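Novice: The following block contains the structure, expressed as structure tokens.
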Amino acid sequence: MSAIDLADVQKVFRDRDGRDLVAVDRTRATIEAGEFVCLLGPSGCGKSTLLNMIAGFEAPSTGEVRVAGRRVERPGADRGVVFQQPTLMPWLTVIDNVAFHLKLKGMGKAERHERAKTYIDLVGLTGFERHYPAELSGGMSQRVGIARALLMNPAVILMDEPFAALDAQTKIEMQEELVAIWQRVGATVVFVTHSVDEALVLASRIAVMSRRPGRIREFIPFDLPRPRDVTSPDFNDMKRRVLGMIREESTRKAAA
Ligand SMILES: Nc1ncnc2c1ncn2[C@@H]1O[C@H](COP(=O)(O)OP(=O)(O)O)[C@@H](O)[C@H]1O
Ligand SMILES: [Mg+2]
């Protein structure tokens with residue numbers, strides 16, 4: 001059974017003037033367990049909409065999304081989500097932010113904190129358990145968001161440009177650590193990005209999306225060994241190929 005099935009998924013929004021806007025055009029795709037798939041495409045092409053349908057935040061207009069064979073109808077603990085802004089609760093400490101879902105489930109404090117501690121250690125925040133969000137850097141806040149998403153041990157982790165707001169150096173560190181975490185927990189990751197470099201550093205398969213109406217134009221398997229050397233000829237060959245594909249896409253649109 002596949003981790004994620006997109007069965008002819010389409011999403012149509014109605015804009016302010018009452019016109020229909022196709023955000024995601026009929027899309028079929030299968031993602032296998034343990035893959036790291038990057039959804040790569042320009043701003044506005046429907047990446048977040050597609051991810052939100054997998055997360056269960058948005059319902060498809062037609063078609064269906066299946067996770068582990070079951071139709072997605074709402075968000076669930078089998079899918080952890082990390083957003084561009086970590087949306088932490090400012091009045092809670094790091095450990096209580098991470099453990100928040102367990103509190104909702106009625107788990108006692110000691111047990112909750114013990115569970116949360118495992119993931120705080122995993123994302124490299126050991127020692128910051130009692131800090132408040134206002135005391136954290138952007139990278140650290142994102143680590144809290146990742147720990148919170150991992151806490152329920154989800155089979156699928158959905159990430160929407162989580163490192164877009166970070167400085168270049170922090171971004172590189174976070175990308176490396178995310179790969180290490182993915183290798184350790186063995187989850188299926190779907191990661192949205194508009195950065196070709198980021199997709200090439202992270203993905204085991206890149207889904208190149210076309211401009212609106214968004215659909216997955218091509219899947220590119222990418223099995224370069226890790227950690228990846230961004231200066232290697234293999235890396236640059238692949239980068240040339242992906243950039244060529246994107247350029248071709250914009251030329252085609254401009255001509256249409
Ligand atoms: N809730 C919404 N209502 C109306 N239009 C939307 C809504 N969400 C997204 N859109 C539109 O759908 C298109 C795709 O958006 P989005 O999925 O956010 O793109 P991306 O994440 O690739 O930048 C955009 O044109 C956007 O304006
Ligand atoms: Mg988006």
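In the structure tokens, each chain is lettered A, B, ... as it comes, each chain's residues begin at 1, and ligands are numbered from 1 in order of appearance.
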Per residue of chain A within 10 Å of ligand 2, record the nearest atom pair and its distance in Å to one decimal, counting only C-alpha atoms and all ligand atoms, with rows in chain order and ascending residue number, as a Markdown table.

Specialist:
| residue | atom | partner | partner_atom_place_in_ligand_line | distance |
| --- | --- | --- | --- | --- |
| A:Gly41 | CA | ligand 2 | 1 (Mg) | 9.6 |
| A:Pro42 | CA | ligand 2 | 1 (Mg) | 9.1 |
| A:Ser43 | CA | ligand 2 | 1 (Mg) | 6.6 |
| A:Gly44 | CA | ligand 2 | 1 (Mg) | 6.7 |
| A:Cys45 | CA | ligand 2 | 1 (Mg) | 8.2 |
| A:Gly46 | CA | ligand 2 | 1 (Mg) | 7.0 |
| A:Lys47 | CA | ligand 2 | 1 (Mg) | 5.6 |
| A:Ser48 | CA | ligand 2 | 1 (Mg) | 4.1 |
| A:Thr49 | CA | ligand 2 | 1 (Mg) | 7.3 |
| A:Leu50 | CA | ligand 2 | 1 (Mg) | 9.3 |
| A:Leu51 | CA | ligand 2 | 1 (Mg) | 8.8 |
| A:Asn52 | CA | ligand 2 | 1 (Mg) | 9.6 |
| A:Phe83 | CA | ligand 2 | 1 (Mg) | 9.5 |
| A:Gln84 | CA | ligand 2 | 1 (Mg) | 8.8 |
| A:Asp160 | CA | ligand 2 | 1 (Mg) | 6.7 |
| A:Glu161 | CA | ligand 2 | 1 (Mg) | 7.3 |
| A:Val192 | CA | ligand 2 | 1 (Mg) | 7.5 |
| A:Thr193 | CA | ligand 2 | 1 (Mg) | 8.1 |
| A:His194 | CA | ligand 2 | 1 (Mg) | 8.7 |

Novice: Using N, CA and C atoms, can you write the selected residues to a file as a PDB file, in the first residue's frame?

Specialist:
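In the end it all went to selection.pdb:
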ATOM      1  N   GLY A  41       7.892  24.375  -7.190  1.00  0.00           N
ATOM      2  CA  GLY A  41       7.200  25.176  -8.192  1.00  0.00           C
ATOM      3  C   GLY A  41       7.165  26.630  -7.793  1.00  0.00           C
ATOM      4  N   PRO A  42       6.838  27.508  -8.752  1.00  0.00           N
ATOM      5  CA  PRO A  42       6.838  28.945  -8.467  1.00  0.00           C
ATOM      6  C   PRO A  42       5.697  29.320  -7.530  1.00  0.00           C
ATOM      7  N   SER A  43       5.819  30.488  -6.935  1.00  0.00           N
ATOM      8  CA  SER A  43       4.810  30.994  -6.027  1.00  0.00           C
ATOM      9  C   SER A  43       3.441  31.044  -6.723  1.00  0.00           C
ATOM     10  N   GLY A  44       2.410  30.586  -6.036  1.00  0.00           N
ATOM     11  CA  GLY A  44       1.054  30.636  -6.575  1.00  0.00           C
ATOM     12  C   GLY A  44       0.663  29.450  -7.435  1.00  0.00           C
ATOM     13  N   CYS A  45       1.542  28.441  -7.550  1.00  0.00           N
ATOM     14  CA  CYS A  45       1.241  27.324  -8.457  1.00  0.00           C
ATOM     15  C   CYS A  45       0.381  26.250  -7.789  1.00  0.00           C
ATOM     16  N   GLY A  46       0.088  26.408  -6.512  1.00  0.00           N
ATOM     17  CA  GLY A  46      -0.804  25.442  -5.870  1.00  0.00           C
ATOM     18  C   GLY A  46      -0.122  24.459  -4.931  1.00  0.00           C
ATOM     19  N   LYS A  47       1.137  24.710  -4.589  1.00  0.00           N
ATOM     20  CA  LYS A  47       1.866  23.803  -3.692  1.00  0.00           C
ATOM     21  C   LYS A  47       1.182  23.677  -2.326  1.00  0.00           C
ATOM     22  N   SER A  48       0.902  24.843  -1.724  1.00  0.00           N
ATOM     23  CA  SER A  48       0.296  24.809  -0.388  1.00  0.00           C
ATOM     24  C   SER A  48      -1.092  24.179  -0.434  1.00  0.00           C
ATOM     25  N   THR A  49      -1.829  24.473  -1.490  1.00  0.00           N
ATOM     26  CA  THR A  49      -3.169  23.905  -1.621  1.00  0.00           C
ATOM     27  C   THR A  49      -3.100  22.376  -1.683  1.00  0.00           C
ATOM     28  N   LEU A  50      -2.137  21.872  -2.457  1.00  0.00           N
ATOM     29  CA  LEU A  50      -1.981  20.421  -2.557  1.00  0.00           C
ATOM     30  C   LEU A  50      -1.602  19.827  -1.201  1.00  0.00           C
ATOM     31  N   LEU A  51      -0.647  20.474  -0.528  1.00  0.00           N
ATOM     32  CA  LEU A  51      -0.211  19.987   0.781  1.00  0.00           C
ATOM     33  C   LEU A  51      -1.366  20.024   1.788  1.00  0.00           C
ATOM     34  N   ASN A  52      -2.144  21.122   1.742  1.00  0.00           N
ATOM     35  CA  ASN A  52      -3.267  21.256   2.673  1.00  0.00           C
ATOM     36  C   ASN A  52      -4.354  20.207   2.444  1.00  0.00           C
ATOM     37  N   PHE A  83       4.698  24.409   9.344  1.00  0.00           N
ATOM     38  CA  PHE A  83       4.414  25.561   8.479  1.00  0.00           C
ATOM     39  C   PHE A  83       5.643  26.461   8.360  1.00  0.00           C
ATOM     40  N   GLN A  84       5.530  27.450   7.463  1.00  0.00           N
ATOM     41  CA  GLN A  84       6.621  28.415   7.305  1.00  0.00           C
ATOM     42  C   GLN A  84       6.836  29.195   8.606  1.00  0.00           C
ATOM     43  N   ASP A 160       5.621  22.944   4.781  1.00  0.00           N
ATOM     44  CA  ASP A 160       5.343  23.988   3.798  1.00  0.00           C
ATOM     45  C   ASP A 160       6.368  25.113   3.916  1.00  0.00           C
ATOM     46  N   GLU A 161       7.392  25.072   3.087  1.00  0.00           N
ATOM     47  CA  GLU A 161       8.468  26.066   3.078  1.00  0.00           C
ATOM     48  C   GLU A 161       8.942  26.403   4.491  1.00  0.00           C
ATOM     49  N   VAL A 192       7.297  21.235   0.680  1.00  0.00           N
ATOM     50  CA  VAL A 192       7.034  22.254  -0.344  1.00  0.00           C
ATOM     51  C   VAL A 192       8.165  23.263  -0.385  1.00  0.00           C
ATOM     52  N   THR A 193       8.636  23.579  -1.574  1.00  0.00           N
ATOM     53  CA  THR A 193       9.657  24.621  -1.715  1.00  0.00           C
ATOM     54  C   THR A 193       9.574  25.264  -3.099  1.00  0.00           C
ATOM     55  N   HIS A 194      10.033  26.541  -3.184  1.00  0.00           N
ATOM     56  CA  HIS A 194      10.160  27.138  -4.516  1.00  0.00           C
ATOM     57  C   HIS A 194      11.637  27.186  -4.913  1.00  0.00           C
TER      58      HIS A 194
END

Novice: Need to verify the contact set: Gly34 of chain A, 8 Å, only C-alpha atoms, exclusion of same-chain residues closer than 4 positions in sequence. Can you return it as a list of chain:residue names?

Specialist: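 Within the cut-off, the hits are A:Gly186, A:Ala187, A:Thr188, A:Val189.
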
Novice: For those residues, write N, CA and C atoms to a file as a PDB file, in the first residue's frame.

Specialist:
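Heads up, here's the output in again.pdb:
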ATOM      1  N   GLY A 186      12.290   7.498   9.733  1.00  0.00           N
ATOM      2  CA  GLY A 186      11.757   6.665   8.646  1.00  0.00           C
ATOM      3  C   GLY A 186      10.366   7.042   8.166  1.00  0.00           C
ATOM      4  N   ALA A 187       9.971   8.307   8.383  1.00  0.00           N
ATOM      5  CA  ALA A 187       8.643   8.741   7.930  1.00  0.00           C
ATOM      6  C   ALA A 187       8.687   9.099   6.440  1.00  0.00           C
ATOM      7  N   THR A 188       7.522   9.260   5.871  1.00  0.00           N
ATOM      8  CA  THR A 188       7.386   9.782   4.512  1.00  0.00           C
ATOM      9  C   THR A 188       7.289  11.295   4.626  1.00  0.00           C
ATOM     10  N   VAL A 189       8.105  12.018   3.853  1.00  0.00           N
ATOM     11  CA  VAL A 189       8.071  13.481   3.947  1.00  0.00           C
ATOM     12  C   VAL A 189       7.595  14.069   2.617  1.00  0.00           C
TER      13      VAL A 189
END

Novice: Can you pull out the residues contacting segment 140-145 of chain A? Cut-off 6 Å, using only C-alpha atoms, and skip same-chain residues under 3 positions away; I want them as a list of chain:residue names.

Specialist: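 Here the answer would be A:Pro86, A:Val123, A:Leu136, A:Ser137, A:Arg148.
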
Novice: Write out the residues from the selection above, keeping C-alpha atoms, as an mmCIF file, in the first residue's frame.

Specialist:
data_model
loop_
_atom_site.group_PDB
_atom_site.id
_atom_site.type_symbol
_atom_site.label_atom_id
_atom_site.label_comp_id
_atom_site.auth_asym_id
_atom_site.auth_seq_id
_atom_site.Cartn_x
_atom_site.Cartn_y
_atom_site.Cartn_z
ATOM 1 C CA PRO A 86 6.015 27.816 13.473
ATOM 2 C CA VAL A 123 15.890 18.373 16.937
ATOM 3 C CA LEU A 136 14.313 31.730 20.530
ATOM 4 C CA SER A 137 15.884 32.490 17.154
ATOM 5 C CA ARG A 148 5.867 19.171 17.780
#

Novice: Counting only C-alpha atoms, what is within 12 Å of Glu198 of chain A, bar same-chain residues fewer than 2 positions away, as a ChimeraX atom specification?

Specialist: /A:37-41,161-164,168,171-176,178-179,191-196,200-204,206,228,230,235,239

Novice: Record the distance separating atom 27 (O, counted along the ligand's line) of ligand 1 and atom CA of Ala207 of chain A, expressed in Å with one decimal.

Specialist: 20.4 Å

Novice: For ligand 1, which residue out of A:Thr251, A:Thr118, A:Thr87, A:Gln10 is the nearest one, using only C-alpha atoms and all ligand atoms?

Specialist: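 Checking each of A:Thr251, A:Thr118, A:Thr87, A:Gln10 against ligand 1, counting only C-alpha atoms and all ligand atoms, the winner is A:Gln10.
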
Novice: Taking the backbone alone, and naming residues the way the document does, which bits of segment 4-53 of chain A are alpha helix (DSSP H) by DSSP, as a PyMOL selection string?

Specialist: chain A and resi 47-53

Novice: Which residue gives the smallest distance to ligand 1 among A:Val94, A:Leu224, A:Ala33, A:Ala59, with only C-alpha atoms and all ligand atoms counted?

Specialist: A:Ala59

Novice: Determine which residues of segment 146-229 of chain A receive a DSSP assignment of strand (DSSP E or B), computed from the backbone, and state them as an MDAnalysis selection string.

Specialist: chainID A and resid 156:160 188:193 205:209 214 216:221

Novice: Leaving out Arg241 of chain A and any residue of its chain fewer than 3 positions from it, which residues lie within 12 Å of it when counting only C-alpha atoms, given as a ChimeraX atom specification?

Specialist: /A:196,200,206,208,218,220,222,234-238,244-248

Novice: Quick one: of A:Asp229, A:Asp20, A:Glu111, A:Asp167, who's nearest to ligand 1, counting only C-alpha atoms and all ligand atoms?

Specialist: A:Asp20

Novice: Which residue out of A:Arg215, A:Lys109, A:Arg252, A:Arg205 has the minimum interatomic distance to ligand 1 when only C-alpha atoms and all ligand atoms are used?

Specialist: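 Using only C-alpha atoms and all ligand atoms, ligand 1 sits closest to A:Arg215.
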
Novice: Choose the residue, out of A:Val190, A:Val9, A:Ala155, A:Val24, that has the smallest atom-to-atom separation from ligand 1; count only C-alpha atoms and all ligand atoms.

Specialist: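 For ligand 1, the nearest of the candidates is A:Val24.
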
Novice: Nearest to Val185 of chain A: which of A:Leu243, A:Met1, A:Ala147, A:Ala116 is it, counting only C-alpha atoms?

Specialist: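 Using only C-alpha atoms, Val185 of chain A sits closest to A:Ala147.
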
Novice: In Å, rounded to a single decimal, give me how far atom CA of Phe57 of chain A is from atom CA of Arg74 of chain A.

Specialist: 6.4 Å
